[in-house]
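> Sending over a structure as structure tokens; questions will come in a sec.
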Amino acid sequence: MTSVRVAVESLFSRLSSPVPVTKLLVGSHLATVLTSPDTRAVTQEALIKGLHEARFESEVTELLAVPLIAGDFSLDVDALRAAIEFPSVLSDSILSLVGGRDFRVKAWMAAHSGPAPQFHPSKSLEILRKAQIIPPFVGYRLAGLERDSGLPLLRQWCFEFDSLDQRSVEEGSSQFMYFSTGDHEHRVGQFVSIDSHRARSAYLRTLAIASERWGMPIEVAEDFAEAVRPVDPKLRGFVPTKAPNWADKLVPNGNIGDEEWVENIRNVILGRNSGADGTILHADFLVAERKNWAAELELVTVFSDRDDVKAEEVFSRHDELPGQWSYKTADPLTFTTTAEGMPGGRFVPAAIPISDDYLGLFYCEVMSRLPYLPRRFGRTGELRTRSSASQIEIISGSETVGRVVYWNKDWSPTHLRYLKPNCGVAAIVSANFVTEMEEYSRKKLLTFCHLKKIERQKDYGPWDTKELLGEVV
């Protein structure tokens, strides 16, 4: 066995890490290796081997995230598909996207354990409803589909989960707090345990029997399967990089007072936005985490012609946007939003969420700090995204008018339960784009901040929380 083959297979083994961000970084690195002419053949062989050895449908989809992230649509998808021992509607969807074609034979429809007995116990729902095992919205969506269809989907989910529990007996715990450096009662994290694989795989197997036996349309199964996907293909290759310099400048030498925080934020953000690198339209990030204090900051922008807009009303409106307004899917690889007229009101949010859908298991931390992208005001035109390894580009026509960046800060697999995960996102647009929007709307771009800081008087003591809201002027 050559050293290259050993290195590639070692990388694939790291894809089984229980930490989602590690999966994202390893998957992105494997995608680079897969597209390199020197290592392409070896990587595809290792991928086929991994697909054949995968124990769960969910493990198969995580492996298939590699060619999806790579964006290499010239792979032999028939060979990949033939290697899969545990197919699912999601694995077929990924391979259809990678191969650019649909598959007539739906082998995944037979990948289930048969109908659950009428009185099969629902005790496993206690496990399936744990956020550490699977995102809660998965169960809520399945329950909603059960109400609408009258099908016993939750019972089937429990049955499939229990069947997988018997099929894949494995000792171990779903508790991963040994990843934490201490202070366990104050920290939380998302991990991929054996129960997580069973839960996601059981969910896919429930969709399989619903399609084969109960008449669920294939399109519905494909749509619901997206709830357990590893990555949204529109974010392919988007990985955390080094924190921006302006974010590092916000980190104080110690636990400072409120007035110093306000002054520091004002100086750094206004100084950064006055430069040639564009304007921060939205940012949400951990500033720093230390032994006895930590702080996170969110920046939100609006267009307004008034001078009495309050930060409280801006953030109240901002928090309402997810699920109400977002970029749409133009195609499997692109988010987009079309031009719109300037609405009335005291102020208008300048940015909206990147999506109202699940971005994938590998991006679970980004889901907590959802990126916001610019709105385009005007009579015509649109904005669309293009993902790369270091950023998401925002494009208008043939011109790049902005970007979204993603970074980790004082990162750990667990984070303080009083704050969001230890990462950050920011949407930055060009000065010309801001000027164009201001001229069209006849309003000015205003920036508001929400600082949340926690502190304690002694190690391992209780945390106190304080929040500061205001305009960055």
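Residue numbering restarts at 1 for every chain of the structure tokens, chains are lettered A, B, ... in their displayed order, and ligands are numbered from 1 as they appear.
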Counting only C-alpha atoms, what is within 6 Å of stretch 349-360 of chain A, bar same-chain residues fewer than 6 positions away, as a ChimeraX atom specification?
/A:229-232,301-302,323,326-327,371-375
> Include C-alpha atoms and write out the residues we just selected as a CSV table (one decimal), in the first residue's frame.

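Result file result-v4.csv:
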```csv
chain,number,residue,atom,x,y,z
A,229,ARG,CA,-28.4,16.0,4.7
A,230,PRO,CA,-24.8,16.5,5.6
A,231,VAL,CA,-24.3,19.7,3.5
A,232,ASP,CA,-26.4,22.0,1.4
A,301,THR,CA,-27.9,47.2,9.2
A,302,VAL,CA,-31.1,49.0,8.0
A,323,GLY,CA,-38.7,31.7,8.3
A,326,SER,CA,-34.8,34.7,2.8
A,327,TYR,CA,-32.8,34.0,-0.4
A,371,PRO,CA,-25.5,34.3,7.6
A,372,TYR,CA,-27.6,37.3,6.2
A,373,LEU,CA,-27.1,38.4,2.6
A,374,PRO,CA,-27.9,41.8,1.1
A,375,ARG,CA,-31.2,42.8,-0.4
```
> Could you pull out the residues in stretch 236-396 of chain A that DSSP calls strand (DSSP E) from the backbone, as a PyMOL selection string?
chain A and resi 279-289+293-304+328-331+334-338+348-349+351-353+372-374+382-387+392-396
> Within 12 Å of A:Trp411, counting only C-alpha atoms, which residues qualify if same-chain residues fewer than 5 places away don't, as a list in words?
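Non-adjacent residues within range: Val21, Thr22, Phe179, Ser180, Thr181, Gly189, Pro240, Lys242, Ala243, Phe285, Leu286, Val287, Ala288, Glu289, Arg290, Glu365, Leu416, Lys420, Pro421, Asn422, Cys423 and Gly424 of chain A.
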> Take the residues from that selection and put them in a file with C-alpha atoms, as a compact mmCIF listing (two decimals), in the first residue's frame.

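Now in part-v1.txt:
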```
# COMPACT_ATOMS: atom_id res chain seq x y z
CA VAL A 21 -17.07 20.98 12.10
CA THR A 22 -14.29 18.40 11.87
CA PHE A 179 -14.32 17.04 24.62
CA SER A 180 -14.90 19.88 27.07
CA THR A 181 -12.10 21.34 29.17
CA GLY A 189 -22.29 20.86 21.96
CA PRO A 240 -14.04 28.41 8.39
CA LYS A 242 -8.83 32.91 9.81
CA ALA A 243 -10.81 35.53 11.73
CA PHE A 285 -19.65 36.27 16.06
CA LEU A 286 -17.96 35.39 19.31
CA VAL A 287 -15.65 38.22 20.30
CA ALA A 288 -13.72 36.19 22.86
CA GLU A 289 -14.06 33.53 25.54
CA ARG A 290 -11.90 33.63 28.63
CA GLU A 365 -22.79 25.75 14.12
CA LEU A 416 -21.01 28.06 26.81
CA LYS A 420 -23.92 30.72 20.52
CA PRO A 421 -21.11 28.47 19.16
CA ASN A 422 -17.54 29.76 19.04
CA CYS A 423 -17.55 30.94 15.44
CA GLY A 424 -18.51 33.95 13.36
```
> I'd like the interatomic distance between atom CA of A:Asn432 and atom CA of A:Lys328, to a tenth of an Å.
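These atoms are spaced 24.3 Å apart.
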> Which residues of stretch 203-287 of chain A sit at most 10 Å from stretch 104-127 of chain A, using only C-alpha atoms? Give each one's shortest atom pair and distance in Å (one decimal place), in chain and ascending residue order, as CSV.

```
residue,atom,partner,partner_atom,distance
A:Leu204,CA,A:His112,CA,8.6
A:Arg205,CA,A:His112,CA,4.9
A:Thr206,CA,A:His112,CA,6.9
A:Leu207,CA,A:Met109,CA,8.2
A:Ala208,CA,A:Met109,CA,4.6
A:Ile209,CA,A:His112,CA,6.0
A:Ala210,CA,A:Met109,CA,8.6
A:Ser211,CA,A:Met109,CA,6.5
A:Glu212,CA,A:Met109,CA,5.5
A:Arg213,CA,A:Pro115,CA,8.6
A:Trp214,CA,A:Pro115,CA,10.0
A:Ile218,CA,A:Lys106,CA,9.4
```
> Keeping only N, CA and C atoms, take the residues you just selected and write them out as a PDB file, in the first residue's frame.

```pdb
ATOM      1  N   LEU A 204     -34.580   7.998   7.298  1.00  0.00           N
ATOM      2  CA  LEU A 204     -34.523   7.714   5.873  1.00  0.00           C
ATOM      3  C   LEU A 204     -35.231   6.401   5.537  1.00  0.00           C
ATOM      4  N   ARG A 205     -35.118   5.423   6.406  1.00  0.00           N
ATOM      5  CA  ARG A 205     -35.780   4.142   6.179  1.00  0.00           C
ATOM      6  C   ARG A 205     -37.309   4.287   6.318  1.00  0.00           C
ATOM      7  N   THR A 206     -37.748   5.205   7.174  1.00  0.00           N
ATOM      8  CA  THR A 206     -39.173   5.492   7.290  1.00  0.00           C
ATOM      9  C   THR A 206     -39.714   6.101   5.996  1.00  0.00           C
ATOM     10  N   LEU A 207     -38.941   6.983   5.388  1.00  0.00           N
ATOM     11  CA  LEU A 207     -39.343   7.557   4.103  1.00  0.00           C
ATOM     12  C   LEU A 207     -39.382   6.480   3.018  1.00  0.00           C
ATOM     13  N   ALA A 208     -38.480   5.489   3.133  1.00  0.00           N
ATOM     14  CA  ALA A 208     -38.440   4.411   2.136  1.00  0.00           C
ATOM     15  C   ALA A 208     -39.723   3.584   2.164  1.00  0.00           C
ATOM     16  N   ILE A 209     -40.149   3.147   3.346  1.00  0.00           N
ATOM     17  CA  ILE A 209     -41.360   2.324   3.398  1.00  0.00           C
ATOM     18  C   ILE A 209     -42.595   3.149   3.055  1.00  0.00           C
ATOM     19  N   ALA A 210     -42.572   4.440   3.406  1.00  0.00           N
ATOM     20  CA  ALA A 210     -43.706   5.295   3.058  1.00  0.00           C
ATOM     21  C   ALA A 210     -43.848   5.421   1.544  1.00  0.00           C
ATOM     22  N   SER A 211     -42.723   5.402   0.840  1.00  0.00           N
ATOM     23  CA  SER A 211     -42.767   5.485  -0.620  1.00  0.00           C
ATOM     24  C   SER A 211     -43.141   4.146  -1.251  1.00  0.00           C
ATOM     25  N   GLU A 212     -42.573   3.074  -0.724  1.00  0.00           N
ATOM     26  CA  GLU A 212     -42.811   1.771  -1.347  1.00  0.00           C
ATOM     27  C   GLU A 212     -44.194   1.202  -1.010  1.00  0.00           C
ATOM     28  N   ARG A 213     -44.614   1.310   0.254  1.00  0.00           N
ATOM     29  CA  ARG A 213     -45.836   0.632   0.697  1.00  0.00           C
ATOM     30  C   ARG A 213     -47.053   1.560   0.815  1.00  0.00           C
ATOM     31  N   TRP A 214     -46.819   2.840   1.112  1.00  0.00           N
ATOM     32  CA  TRP A 214     -47.942   3.701   1.487  1.00  0.00           C
ATOM     33  C   TRP A 214     -48.224   4.820   0.492  1.00  0.00           C
ATOM     34  N   ILE A 218     -42.370  10.185  -4.650  1.00  0.00           N
ATOM     35  CA  ILE A 218     -40.905  10.246  -4.563  1.00  0.00           C
ATOM     36  C   ILE A 218     -40.452  11.665  -4.246  1.00  0.00           C
TER      37      ILE A 218
END
```
> Nearest residue to A:Ile269 out of A:Val472, A:Ala46, A:Leu34, A:Ile395, using only C-alpha atoms?
A:Val472
> Env of stretch 248-250 of chain A: 8 Å cut, atoms = only C-alpha atoms, seq-sep filter 6 positions within chain, self excluded. Answer as a ChimeraX atom specification.
/A:264-265,268,287
> Among stretch 317-394 of chain A, which residues carry a DSSP assignment of helix (DSSP H, G or I), reported as a ChimeraX atom specification?
/A:317-320,361-368
> In terms of the shortest atom-to-atom distance over only C-alpha atoms, which of A:Lys458, A:Arg369, A:Ile69, A:Gly278 is closest to A:Val401?
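That would be A:Gly278, the residue with the smallest distance to A:Val401.
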> Mind pulling up the distance from atom CA of A:Val405 to atom CA of A:Val33?
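So the two atoms, atom CA of A:Val33 and atom CA of A:Val405, lie 23.0 Å apart.
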> I'd like the neighbourhood of stretch 437-453 of chain A as JSON, numbers by chain, where a residue qualifies if any of its atoms comes within 6 Å (using only C-alpha atoms), though same-chain residues fewer than 5 positions away should be ignored.
{"A": [294, 295, 296, 297, 298, 299, 300, 301, 302, 303, 304, 305, 465, 466, 467, 468, 469, 470, 471, 472]}
> For A:Val98, which residue out of A:Val19, A:Leu47, A:Leu333, A:Ile133 is the nearest one, using only C-alpha atoms?
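Ranking A:Val19, A:Leu47, A:Leu333, A:Ile133 by distance to A:Val98, first place goes to A:Leu333.
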